[in-house]
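Only one structure is covered here, and it is reproduced in the block below.
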Amino acid sequence: MLTEYALRKRVMVTGGAGFLGSNLCDRLIADGHDVLCVDNFFTGTKDNIRHLLDNPHFELMRHDVTFPLYVEVDEIYNLACPASPIHYQFDPVQTTKTSVHGAINMLGLAKRTKAKIFQASTSEVYGDPAVHPQTEGYWGHVNPIGPRSCYDEGKRCAETLFFDYHRQHKLRIKVARIFNTYGPRMHPNDGRVVSNFIVQALKGEPITIYGDGSQTRSFCYVDDLIEAFIRLMGTPDDVTGPVNTGNPGEFTIKQLAEKVIQMTGSSSRLIYEPLPTDDPTQRQPDISLAREKLGWEPDITLETGLARTIPYFDALLSK
Ligand code: NAD
Ligand code: UDP
Ligand code: UDP
């Protein structure tokens, strides 16, 4: 906890009412900062930050980042963007606008205020990767015209903008490529695999495996990820990223389903549905760079993280 007034920073979190954003706001408040949460509530909700609303060091602003924003801040975490395929494909043009226009506006703001700026990029910039595990040097294998492209290419263009503002305007940038992350405050209906499986298991409904369940993902618990964000923001100015942030523990989707069934004690059975277009077959971060530059690696196992996430959804469903 910071006690010195001088150490209190004015930190803006775009997408602050979402899953990751609200967990980040909690951490920044606990660390003693003034937090400005900016969100248009497309996928985020006030419920995620309700407990912060009476805190004098927390401020909530309803705003869409595709429009200019003039505020005075020291640091910006740019997380605004729907993250699950159901949500980002609902209005794909708006998704690209959020990534690209949102990045331009936030970079313009950072340029004017000389704020340090963090970008929530994604492992999706690697597409359906031909290199495994993925290192930051890999340029990716992305379909530019498919249903996932609004998100993948939007995020790639945002990275381009970050690096051009860095080269051209000397902005201090921090780009994190986030791999699949889960935990409390995930949206229960956003179709992501961890929330889907837990909700289905708790309701005793069939667990929907897309494809044959042999595709892999690597799941990071939210607290581990937020620690990486804070460390990356705190690195010297020559550390720009991109840095992979995620948990290298790799599981097939079928293994995840079986683990969720076992941990919830559910009687749900597995059913198989078609694999969505361009669904990556494997994904695992190489986190050597994060280990080196941030002194960071996740320490919450899938089992421990699920044990903390299941009660959240259980409580939500019983409301
Ligand atoms: P989320 O959907 O819970 O949060 C996104 C937030 O952004 C929501 O509160 C939403 O209302 C807000 N938002 C969307 N469009 C906006 C706009 N135009 N203006 C203002 N606010 C807007 O998703 P999340 O999982 O918390 O993801 C946060 C960020 O992290 C996203 O940028 C996402 O791409 C990135 N990311 C997340 C993961 C993951 O596994 N959770 C993985 C890779 C990258
Ligand atoms: N911008 C903003 N807040 C600011 C400064 C800029 O939203 O505090 C927006 C502004 O709308 C502009 C964009 O950021 O279009 C990019 O700013 P920049 O200064 O890079 O470009 P310019 O204003 O020269 O187009
Ligand atoms: N998936 C699944 N059943 C579901 C939801 C997702 O089998 O109910 C699969 C999906 O096809 C993908 C993986 O789980 O292979 C991760 O999906 P998610 O949408 O969570 O993340 P992303 O594909 O963006 O990594």
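In the structure tokens, the first chain shown is A, the next is B, and so on; residue numbers restart at 1 for each chain, and ligands run from 1 in the order shown.
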
With a cut-off of 7 Å, could you pull out the residues of chain A touching ligand 3 and give me the nearest pair of atoms for each, distance in Å to one decimal, using only C-alpha atoms and all ligand atoms, ordered by chain and ascending number, as JSON lines?
{"residue": "A:Ser84", "atom": "CA", "partner": "ligand 3", "partner_atom_place_in_ligand_line": "19 (O)", "distance": 5.8}
{"residue": "A:Pro85", "atom": "CA", "partner": "ligand 3", "partner_atom_place_in_ligand_line": "19 (O)", "distance": 5.8}
{"residue": "A:Asn180", "atom": "CA", "partner": "ligand 3", "partner_atom_place_in_ligand_line": "25 (O)", "distance": 5.9}
{"residue": "A:Gly191", "atom": "CA", "partner": "ligand 3", "partner_atom_place_in_ligand_line": "5 (C)", "distance": 5.5}
{"residue": "A:Arg192", "atom": "CA", "partner": "ligand 3", "partner_atom_place_in_ligand_line": "20 (O)", "distance": 3.4}
{"residue": "A:Val193", "atom": "CA", "partner": "ligand 3", "partner_atom_place_in_ligand_line": "5 (C)", "distance": 3.7}
{"residue": "A:Val194", "atom": "CA", "partner": "ligand 3", "partner_atom_place_in_ligand_line": "20 (O)", "distance": 6.3}
{"residue": "A:Asn196", "atom": "CA", "partner": "ligand 3", "partner_atom_place_in_ligand_line": "8 (O)", "distance": 5.1}
{"residue": "A:Phe197", "atom": "CA", "partner": "ligand 3", "partner_atom_place_in_ligand_line": "8 (O)", "distance": 6.2}
{"residue": "A:Ile207", "atom": "CA", "partner": "ligand 3", "partner_atom_place_in_ligand_line": "8 (O)", "distance": 7.0}
{"residue": "A:Thr208", "atom": "CA", "partner": "ligand 3", "partner_atom_place_in_ligand_line": "8 (O)", "distance": 4.8}
{"residue": "A:Ile209", "atom": "CA", "partner": "ligand 3", "partner_atom_place_in_ligand_line": "7 (O)", "distance": 3.7}
{"residue": "A:Tyr210", "atom": "CA", "partner": "ligand 3", "partner_atom_place_in_ligand_line": "7 (O)", "distance": 3.7}
{"residue": "A:Gly211", "atom": "CA", "partner": "ligand 3", "partner_atom_place_in_ligand_line": "7 (O)", "distance": 6.8}
{"residue": "A:Gly213", "atom": "CA", "partner": "ligand 3", "partner_atom_place_in_ligand_line": "7 (O)", "distance": 6.1}
{"residue": "A:Gln215", "atom": "CA", "partner": "ligand 3", "partner_atom_place_in_ligand_line": "15 (O)", "distance": 5.7}
{"residue": "A:Thr216", "atom": "CA", "partner": "ligand 3", "partner_atom_place_in_ligand_line": "15 (O)", "distance": 6.9}
{"residue": "A:Arg217", "atom": "CA", "partner": "ligand 3", "partner_atom_place_in_ligand_line": "16 (C)", "distance": 6.5}
{"residue": "A:Ile253", "atom": "CA", "partner": "ligand 3", "partner_atom_place_in_ligand_line": "14 (O)", "distance": 5.8}
{"residue": "A:Leu275", "atom": "CA", "partner": "ligand 3", "partner_atom_place_in_ligand_line": "11 (O)", "distance": 5.7}
{"residue": "A:Pro276", "atom": "CA", "partner": "ligand 3", "partner_atom_place_in_ligand_line": "11 (O)", "distance": 6.0}
{"residue": "A:Asp279", "atom": "CA", "partner": "ligand 3", "partner_atom_place_in_ligand_line": "15 (O)", "distance": 5.7}
{"residue": "A:Pro280", "atom": "CA", "partner": "ligand 3", "partner_atom_place_in_ligand_line": "15 (O)", "distance": 6.4}
{"residue": "A:Thr281", "atom": "CA", "partner": "ligand 3", "partner_atom_place_in_ligand_line": "15 (O)", "distance": 6.8}

Within 9 Å of region 116-137 of chain A, which residues of region 169-242 of chain A come that close, and what is the closest atom pair and distance in Å for each? Count only C-alpha atoms and give it as a tab-separated table.
residue	atom	partner	partner_atom	distance
A:Leu171	CA	A:Lys116	CA	7.2
A:Arg172	CA	A:Lys116	CA	5.1
A:Ile173	CA	A:Ile117	CA	5.0
A:Lys174	CA	A:Phe118	CA	4.5
A:Val175	CA	A:Gln119	CA	4.8
A:Ala176	CA	A:Ser121	CA	5.5
A:Arg177	CA	A:Thr122	CA	4.3
A:Ile178	CA	A:Thr122	CA	4.5
A:Phe179	CA	A:Ser123	CA	5.1
A:Asn180	CA	A:Ser123	CA	7.9
A:Phe229	CA	A:Phe118	CA	8.2
A:Leu232	CA	A:Phe118	CA	8.4
A:Met233	CA	A:Phe118	CA	6.8
A:Asp237	CA	A:Lys116	CA	9.0
A:Gly241	CA	A:Glu136	CA	8.5
A:Pro242	CA	A:Glu136	CA	6.5

How about saving the chosen residues, N, CA and C atoms kept, as a short mmCIF file (atom, residue, chain, number, x, y, z; two decimals), in the first residue's frame?
data_model
loop_
_atom_site.label_atom_id
_atom_site.label_comp_id
_atom_site.auth_asym_id
_atom_site.auth_seq_id
_atom_site.Cartn_x
_atom_site.Cartn_y
_atom_site.Cartn_z
N LEU A 171 6.51 7.76 -27.58
CA LEU A 171 5.62 7.36 -26.47
C LEU A 171 6.21 6.17 -25.72
N ARG A 172 5.94 6.16 -24.42
CA ARG A 172 6.35 5.00 -23.61
C ARG A 172 5.21 3.98 -23.67
N ILE A 173 5.48 2.87 -24.36
CA ILE A 173 4.43 1.86 -24.57
C ILE A 173 4.78 0.54 -23.90
N LYS A 174 3.74 -0.22 -23.57
CA LYS A 174 3.88 -1.55 -22.97
C LYS A 174 2.83 -2.45 -23.60
N VAL A 175 3.25 -3.38 -24.42
CA VAL A 175 2.28 -4.24 -25.12
C VAL A 175 2.34 -5.66 -24.58
N ALA A 176 1.22 -6.12 -24.03
CA ALA A 176 1.14 -7.50 -23.51
C ALA A 176 0.29 -8.34 -24.46
N ARG A 177 0.81 -9.48 -24.87
CA ARG A 177 0.00 -10.44 -25.64
C ARG A 177 -0.56 -11.46 -24.66
N ILE A 178 -1.85 -11.29 -24.39
CA ILE A 178 -2.50 -12.08 -23.35
C ILE A 178 -3.02 -13.39 -23.94
N PHE A 179 -2.71 -14.49 -23.27
CA PHE A 179 -3.26 -15.80 -23.64
C PHE A 179 -4.48 -16.07 -22.76
N ASN A 180 -5.26 -17.08 -23.13
CA ASN A 180 -6.55 -17.36 -22.46
C ASN A 180 -6.44 -17.22 -20.93
N PHE A 229 0.66 -7.57 -15.61
CA PHE A 229 0.34 -6.22 -16.11
C PHE A 229 1.10 -5.16 -15.29
N LEU A 232 4.79 -5.25 -15.92
CA LEU A 232 5.16 -4.72 -17.23
C LEU A 232 5.08 -3.19 -17.22
N MET A 233 4.03 -2.64 -16.63
CA MET A 233 3.91 -1.18 -16.56
C MET A 233 5.10 -0.58 -15.81
N ASP A 237 11.77 2.23 -19.46
CA ASP A 237 11.15 2.69 -20.71
C ASP A 237 11.60 1.90 -21.94
N GLY A 241 7.76 -4.45 -24.93
CA GLY A 241 7.06 -5.63 -25.41
C GLY A 241 7.18 -5.65 -26.93
N PRO A 242 6.36 -6.46 -27.61
CA PRO A 242 5.31 -7.28 -27.02
C PRO A 242 5.87 -8.39 -26.14
#

So that I can check the surroundings of Ala30 (chain A), please list as a VMD selection string every protein, DNA and RNA residue that reaches within 12 Å of it, counting only C-alpha atoms and ignoring chain neighbours fewer than 2 positions away.
chain A and resid 1 to 3 8 23 to 28 32 to 35 52 55 57 to 58

Taking a cut-off of 7 Å and counting only C-alpha atoms and all ligand atoms, can you build a table that, for each residue of chain A near ligand 1, reports the nearest atom pair and how far apart they are in Å (one decimal), sorted by chain then residue number, as a Markdown table?
| residue | atom | partner | partner_atom_place_in_ligand_line | distance |
| --- | --- | --- | --- | --- |
| A:Thr14 | CA | ligand 1 | 21 (N) | 6.0 |
| A:Gly15 | CA | ligand 1 | 7 (O) | 3.4 |
| A:Gly16 | CA | ligand 1 | 9 (O) | 5.7 |
| A:Ala17 | CA | ligand 1 | 9 (O) | 4.2 |
| A:Gly18 | CA | ligand 1 | 9 (O) | 3.2 |
| A:Phe19 | CA | ligand 1 | 26 (O) | 3.7 |
| A:Leu20 | CA | ligand 1 | 26 (O) | 3.7 |
| A:Gly21 | CA | ligand 1 | 26 (O) | 5.5 |
| A:Val38 | CA | ligand 1 | 20 (C) | 6.2 |
| A:Asp39 | CA | ligand 1 | 21 (N) | 3.8 |
| A:Asn40 | CA | ligand 1 | 20 (C) | 4.3 |
| A:Phe41 | CA | ligand 1 | 11 (O) | 3.6 |
| A:Phe42 | CA | ligand 1 | 11 (O) | 3.7 |
| A:Thr43 | CA | ligand 1 | 11 (O) | 3.9 |
| A:Gly44 | CA | ligand 1 | 9 (O) | 3.1 |
| A:Thr45 | CA | ligand 1 | 9 (O) | 6.4 |
| A:His63 | CA | ligand 1 | 20 (C) | 5.7 |
| A:Asp64 | CA | ligand 1 | 19 (N) | 3.4 |
| A:Val65 | CA | ligand 1 | 19 (N) | 4.1 |
| A:Thr66 | CA | ligand 1 | 18 (N) | 5.5 |
| A:Leu79 | CA | ligand 1 | 32 (O) | 4.0 |
| A:Ala80 | CA | ligand 1 | 7 (O) | 3.5 |
| A:Cys81 | CA | ligand 1 | 14 (C) | 3.9 |
| A:Pro82 | CA | ligand 1 | 2 (O) | 4.1 |
| A:Ala83 | CA | ligand 1 | 34 (O) | 4.4 |
| A:Ser84 | CA | ligand 1 | 2 (O) | 6.7 |
| A:Thr98 | CA | ligand 1 | 18 (N) | 4.6 |
| A:Gly102 | CA | ligand 1 | 18 (N) | 6.8 |
| A:Ala120 | CA | ligand 1 | 30 (O) | 5.0 |
| A:Ser121 | CA | ligand 1 | 44 (C) | 5.4 |
| A:Thr122 | CA | ligand 1 | 43 (C) | 4.0 |
| A:Ser123 | CA | ligand 1 | 43 (C) | 6.1 |
| A:Arg177 | CA | ligand 1 | 43 (C) | 6.7 |
| A:Ile178 | CA | ligand 1 | 43 (C) | 4.2 |
| A:Phe179 | CA | ligand 1 | 42 (C) | 4.9 |
| A:Asn180 | CA | ligand 1 | 40 (O) | 3.6 |
| A:Thr181 | CA | ligand 1 | 40 (O) | 3.7 |
| A:Tyr182 | CA | ligand 1 | 40 (O) | 6.2 |
| A:Met186 | CA | ligand 1 | 3 (O) | 6.1 |
| A:His187 | CA | ligand 1 | 3 (O) | 6.3 |

Residues of region 203-283 of chain A classed as alpha helix (DSSP H) by DSSP on the backbone are to be reported as a compact mmCIF listing (two decimals) with N, CA, C and O atoms, in the first residue's frame.
# COMPACT_ATOMS: atom_id res chain seq x y z
N LYS A 203 -25.12 -26.58 -13.87
CA LYS A 203 -26.55 -26.74 -14.16
C LYS A 203 -26.89 -28.18 -14.53
O LYS A 203 -28.06 -28.49 -14.80
N VAL A 222 -6.64 -15.25 -13.40
CA VAL A 222 -6.63 -13.79 -13.53
C VAL A 222 -5.62 -13.10 -12.62
O VAL A 222 -4.94 -12.16 -13.03
N ASP A 223 -5.47 -13.55 -11.36
CA ASP A 223 -4.55 -12.85 -10.45
C ASP A 223 -3.11 -12.91 -10.95
O ASP A 223 -2.36 -11.93 -10.82
N ASP A 224 -2.73 -14.04 -11.51
CA ASP A 224 -1.38 -14.15 -12.09
C ASP A 224 -1.21 -13.14 -13.22
O ASP A 224 -0.17 -12.48 -13.35
N LEU A 225 -2.23 -13.02 -14.06
CA LEU A 225 -2.13 -12.12 -15.22
C LEU A 225 -2.02 -10.66 -14.77
O LEU A 225 -1.20 -9.90 -15.31
N ILE A 226 -2.84 -10.26 -13.80
CA ILE A 226 -2.82 -8.87 -13.34
C ILE A 226 -1.44 -8.53 -12.76
O ILE A 226 -0.92 -7.42 -12.97
N GLU A 227 -0.83 -9.47 -12.09
CA GLU A 227 0.53 -9.25 -11.58
C GLU A 227 1.49 -8.94 -12.74
O GLU A 227 2.33 -8.05 -12.65
N ALA A 228 1.31 -9.66 -13.84
CA ALA A 228 2.18 -9.41 -15.01
C ALA A 228 1.93 -8.01 -15.58
O ALA A 228 2.87 -7.32 -15.98
N PHE A 229 0.66 -7.57 -15.61
CA PHE A 229 0.34 -6.22 -16.11
C PHE A 229 1.10 -5.16 -15.29
O PHE A 229 1.71 -4.25 -15.84
N ILE A 230 0.99 -5.29 -13.97
CA ILE A 230 1.60 -4.29 -13.07
C ILE A 230 3.12 -4.29 -13.25
O ILE A 230 3.74 -3.24 -13.33
N ARG A 231 3.67 -5.49 -13.36
CA ARG A 231 5.14 -5.56 -13.53
C ARG A 231 5.56 -4.97 -14.86
O ARG A 231 6.58 -4.29 -14.95
N LEU A 232 4.79 -5.25 -15.92
CA LEU A 232 5.16 -4.72 -17.23
C LEU A 232 5.08 -3.19 -17.22
O LEU A 232 5.98 -2.51 -17.73
N MET A 233 4.03 -2.64 -16.63
CA MET A 233 3.91 -1.18 -16.56
C MET A 233 5.10 -0.58 -15.81
O MET A 233 5.54 0.53 -16.10
N ILE A 253 -9.04 -29.39 -24.84
CA ILE A 253 -10.36 -28.93 -24.40
C ILE A 253 -11.11 -30.09 -23.73
O ILE A 253 -11.84 -29.90 -22.76
N LYS A 254 -10.86 -31.31 -24.21
CA LYS A 254 -11.50 -32.47 -23.57
C LYS A 254 -10.99 -32.66 -22.13
O LYS A 254 -11.76 -32.94 -21.22
N GLN A 255 -9.67 -32.46 -21.95
CA GLN A 255 -9.12 -32.57 -20.59
C GLN A 255 -9.76 -31.53 -19.66
O GLN A 255 -10.06 -31.82 -18.50
N LEU A 256 -9.94 -30.32 -20.21
CA LEU A 256 -10.56 -29.27 -19.39
C LEU A 256 -11.97 -29.69 -18.99
O LEU A 256 -12.36 -29.55 -17.82
N ALA A 257 -12.72 -30.22 -19.95
CA ALA A 257 -14.11 -30.63 -19.67
C ALA A 257 -14.12 -31.69 -18.55
O ALA A 257 -14.92 -31.62 -17.61
N GLU A 258 -13.21 -32.65 -18.66
CA GLU A 258 -13.19 -33.73 -17.66
C GLU A 258 -12.82 -33.19 -16.27
O GLU A 258 -13.38 -33.60 -15.26
N LYS A 259 -11.89 -32.24 -16.24
CA LYS A 259 -11.48 -31.65 -14.97
C LYS A 259 -12.64 -30.88 -14.34
O LYS A 259 -12.88 -30.98 -13.13
N VAL A 260 -13.36 -30.13 -15.15
CA VAL A 260 -14.49 -29.35 -14.61
C VAL A 260 -15.57 -30.29 -14.07
O VAL A 260 -16.12 -30.07 -12.98
N ILE A 261 -15.85 -31.36 -14.80
CA ILE A 261 -16.87 -32.31 -14.33
C ILE A 261 -16.44 -32.92 -12.99
O ILE A 261 -17.22 -32.97 -12.04
N GLN A 262 -15.18 -33.29 -12.93
CA GLN A 262 -14.68 -33.91 -11.70
C GLN A 262 -14.72 -32.92 -10.53
O GLN A 262 -15.19 -33.25 -9.43
N MET A 263 -14.31 -31.67 -10.77
CA MET A 263 -14.22 -30.71 -9.67
C MET A 263 -15.58 -30.19 -9.22
O MET A 263 -15.72 -29.72 -8.09
N THR A 264 -16.58 -30.21 -10.11
CA THR A 264 -17.91 -29.75 -9.70
C THR A 264 -18.76 -30.94 -9.21
O THR A 264 -19.85 -30.73 -8.70

Around ligand 2, at most 12 Å away and counting only C-alpha atoms and all ligand atoms, which residues are there? Put them as a ChimeraX atom specification, please.
/A:63-73,76,100-115,161-162,164-166,168-171

DSSP on the backbone, strand (DSSP E or B) only: what residues of region 11-235 of chain A does that give? Format it as number ranges by chain.
A: 11-14, 34-39, 58-62, 75-78, 116-122, 127, 134, 141, 173-178, 181-182, 207-210, 216-218, 220-221

Between A:Thr96, A:Thr160, A:Asn244, A:Asn78, smallest distance to Gln284 (chain A) by only C-alpha atoms belongs to A:Asn244

Hey, which bits of region 175-273 of chain A sit within 7 Å of region 304-316 of chain A, and for each residue what's the closest pair of atoms and how far apart in Å (one decimal), counting only C-alpha atoms, rows by chain and increasing number, as CSV?
residue,atom,partner,partner_atom,distance
A:Gly183,CA,A:Thr309,CA,5.1
A:Pro184,CA,A:Thr309,CA,5.3
A:Ile198,CA,A:Ile310,CA,6.5
A:Val199,CA,A:Phe313,CA,6.7
A:Leu202,CA,A:Asp314,CA,6.9
A:Tyr221,CA,A:Gly305,CA,5.6

Would you work out the distance separating CA of Tyr88 (chain A) from CA of Phe219 (chain A), expressed in Å to one decimal?
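CA of Tyr88 (chain A) sits 20.1 Å away from CA of Phe219 (chain A).
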
Distance of CA of Gly295 (chain A) from CA of Asp31 (chain A), expressed in Å to one decimal place
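Result for CA of Asp31 (chain A) versus CA of Gly295 (chain A): 19.2 Å, one decimal.
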
Of the listed residues A:Asp47, A:Asp278, A:Glu292, A:Asp212, that which approaches Arg148 (chain A) most closely, counting only C-alpha atoms:
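Distance minimum relative to Arg148 (chain A) lands on A:Asp278.
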
Interatomic distance (Å, one decimal) between CA of Arg269 (chain A) and CA of Gly204 (chain A):
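The value is 8.3 Å.
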